[in-house]
Amino acid sequence: MRVVLFTGKGGVGKTTTAAATAVQAARAGIKTLVMSTDAAHSLGDALGVVLVDSPDDPDPVVEIEPGLSALQLSASYSVRRSWRSMQDYLLTVFKGLGIDPVVADELTQLPGADEIVALVELRKQVESGPWDLVIVDCAPTAETLRLLALPEALAWHLERLIPAQRGLLRALRPAAATATGLPLPGVQLLDTLRRWQESLLEIQSILACETTSVRLVLTPERVVIAESRRTLTSLRLFGLTVDQVVVNRVFPDAAPAESDPPESGQESTHTAWLAGWNEAQQRGLSEVRHSFEPLPIVITPYLSHEPVGTDALAALARARTGEIADVLLPAPAQGMTVRPEDGGYLLTLPLPLVTAAQVDLKRRDDELLVSVADHRRVLSLPSVLRRCVVTGAVVRDATLRVRFVPDERVWPVNEPESVARG
Ligand SMILES: Nc1ncnc2c1ncn2[C@@H]1O[C@H](COP(=O)(O)OP(=O)(O)OP(=O)(O)O)[C@@H](O)[C@H]1O
Ligand SMILES: [Mg+2]
């Protein structure tokens with residue numbers, strides 16, 4: 001099953017683009033589900049239907065037209081409460097354990113329960129839904145990145161927390177617990193934590209799967225392009241495959257309408273205004289090409305009306321130009337690779353639009369911590385690299401390359417192991 005997520009800066013047309021892509025696919029005979037992780041729920045508005053939003057409805061999928069279904073979710077009260085209590089608990093524990101403030105900070109930024117519920121549902125639909133294609137309309141970029149990074153980050157925290165907590169349970173009960181001020185989780189809470197961890201790891205495997213890709217929606221404006229460049233870097237950092245850039249709301253190049261000429265003074269103001277925007281958008285478009293090529297770039301025209309309803313969305317999809325590929329085509333893999341080289345190993349991670357100076361690398365035991373701006377990824381090193389030392393790193397051809405050589409003092413290596421891909 002193919003999964004395509006749409007993300008981008010607030011208001012650029014993510015929901016519209018996701019819905020238009022879904023309608024077009026469904027009308028081409030592809031069994032499609034479109035769903036939203038955005039708590040703002042404008043998917044129903046774009047489709048021109050009322051999507052039921054009942055947290056307790058066991059099957060909230062609504063058929064919009066043959067081959068096209070939509071799903072809008074809200075976390076139920078109990079899920080919201082359980083998520084909240086886990087978050088509160090993790091925060092207290094991490095603070096109490098004196099864990100590094102960056103990590104604690106990541107936890108304070110956990111996405112809301114609605115987004116989590118959407119991811120859990122995505123997993124359910126991918127595993128058991130009858131779809132060929134699942135289209136996901138994501139919340140604006142910042143929330144989406146947190147959401148996409150969460151499974152791996154949280155699993156990482158929980159892996160460390162759970163054994164630590166087991167130790168605490170043995171050592172600190174009950175008087176010492178009061179002394180350290182750390183609340184001890186009951187067996188039930190530990191189970192809840194473990195269940196979250198399992199389900200988040202499964203979600204992670206869907207996000208990293210080769211049939212899942214992300215499409216970046218933007219408008220040809222400088223501020224939007226700048227944010228989208230950072231988003232592309234972060235998406236790749238988290239191991240997500242980006243397979244298309246959609247430039248939305250592109251003005252037609254045509255001259256202003258000739259009928260009903262406005263009063264003479266107005267005409268020149270109007271013409272200058274339009275010419276100004278056309279020119280700015282042309283500059284924007286060449287900046288988009290410069291920034292994102294060789295990714296396929298699709299251009300969506302700025303319609304004279306809001307595309308609301310399935311017919312209007314289908315018309316919008318038809319009006320797109322550029323490198324439109326079959327939506328079911330799997331995206332090219334862009335994950336981390338490891339291969340033997342010169343008696344050592346080379347780890348590569350696609351990391352476009354950054355320079356080496358913007359990337360921070362740290363080795364910690366069996367992990368490599370890669371940070372760019374305020375995003376950090378913890379890469380679990382494949383076993384072949386665990387007994388190696390890092391001897392250098394560069395960013396070249398939009399790719400981070402880290403060189404490892406076997407640390408013979410620690411573990412003599414006889415034969416190079418086969419190439420691993422993570
Ligand atoms: N190509 C277009 N032509 C005309 N109107 C458009 C186009 N694309 C989007 N719109 C309109 O722009 C508005 C915002 O679009 P949309 O809701 O899809 O953005 P979004 O990125 O999902 O926003 P949010 O960040 O709030 O989720 C809507 O009213 C939509 O109908
Ligand atoms: Mg939206």
# chains A, B, ... in the order shown; residues from 1 in each chain; ligands from 1
$ residues_around --residues "region 61-66 of chain A" --least-positions-apart "5" --cutoff "8 Å" --atoms "only C-alpha atoms" --output "ChimeraX atom specification"
/A:26,49,51-52,71-72
$ residues_around --residues "region 219-234 of chain A" --least-positions-apart "4" --cutoff "6 Å" --atoms "only C-alpha atoms" --output "PDB file with N, CA, C and O atoms, in the first residue's frame"
ATOM      1  N   VAL A  12      -0.361  27.094   3.004  1.00  0.00           N
ATOM      2  CA  VAL A  12       0.116  27.062   1.610  1.00  0.00           C
ATOM      3  C   VAL A  12      -0.772  26.230   0.681  1.00  0.00           C
ATOM      4  O   VAL A  12      -0.644  26.315  -0.541  1.00  0.00           O
ATOM      5  N   VAL A 247       4.429  23.324  -5.998  1.00  0.00           N
ATOM      6  CA  VAL A 247       4.360  24.781  -5.863  1.00  0.00           C
ATOM      7  C   VAL A 247       2.910  25.168  -6.120  1.00  0.00           C
ATOM      8  O   VAL A 247       2.390  24.984  -7.221  1.00  0.00           O
ATOM      9  N   ASN A 248       2.267  25.682  -5.108  1.00  0.00           N
ATOM     10  CA  ASN A 248       0.832  25.975  -5.216  1.00  0.00           C
ATOM     11  C   ASN A 248       0.613  27.477  -5.372  1.00  0.00           C
ATOM     12  O   ASN A 248       1.463  28.281  -5.003  1.00  0.00           O
ATOM     13  N   GLN A 281       6.837  36.024  -8.367  1.00  0.00           N
ATOM     14  CA  GLN A 281       6.604  34.581  -8.438  1.00  0.00           C
ATOM     15  C   GLN A 281       7.593  33.910  -9.383  1.00  0.00           C
ATOM     16  O   GLN A 281       8.032  32.788  -9.125  1.00  0.00           O
ATOM     17  N   GLY A 284      10.591  33.543  -7.512  1.00  0.00           N
ATOM     18  CA  GLY A 284      10.332  32.461  -6.547  1.00  0.00           C
ATOM     19  C   GLY A 284      10.462  31.094  -7.202  1.00  0.00           C
ATOM     20  O   GLY A 284      11.086  30.186  -6.654  1.00  0.00           O
ATOM     21  N   LEU A 285       9.881  30.955  -8.401  1.00  0.00           N
ATOM     22  CA  LEU A 285       9.928  29.658  -9.081  1.00  0.00           C
ATOM     23  C   LEU A 285      11.355  29.250  -9.421  1.00  0.00           C
ATOM     24  O   LEU A 285      11.714  28.073  -9.295  1.00  0.00           O
ATOM     25  N   LEU A 351      21.329  14.609   3.115  1.00  0.00           N
ATOM     26  CA  LEU A 351      21.068  15.765   3.961  1.00  0.00           C
ATOM     27  C   LEU A 351      21.208  17.015   3.092  1.00  0.00           C
ATOM     28  O   LEU A 351      22.248  17.671   3.102  1.00  0.00           O
ATOM     29  N   PRO A 352      20.166  17.301   2.310  1.00  0.00           N
ATOM     30  CA  PRO A 352      20.298  18.381   1.341  1.00  0.00           C
ATOM     31  C   PRO A 352      20.295  19.759   1.990  1.00  0.00           C
ATOM     32  O   PRO A 352      19.799  19.923   3.111  1.00  0.00           O
TER      33      PRO A 352
END
$ closest_residue --among "A:Thr241, A:Thr300, A:Thr391, A:Ser36" --to "ligand 1" --atoms "only C-alpha atoms and all ligand atoms"
A:Thr300
$ closest_residue --among "A:Glu115, A:Asp326, A:Asp38, A:Glu210" --to "Pro140 (chain A)" --atoms "only C-alpha atoms"
A:Asp38
$ residues_near_ligand --ligand "ligand 1" --cutoff "6 Å" --atoms "only C-alpha atoms and all ligand atoms" --output "list in words"
Gly10, Gly11, Val12, Gly13, Lys14, Thr15, Thr16, Ala139, Pro140, Asn248, Arg249, Thr300, Pro301, Tyr302, Leu303, His305, Glu306 and Pro307 of chain A
$ select_by_dssp --residues "region 209-320 of chain A" --states "helix (DSSP H, G or I)" --output "PyMOL selection string"
chain A and resi 222-237+264-292+310-318
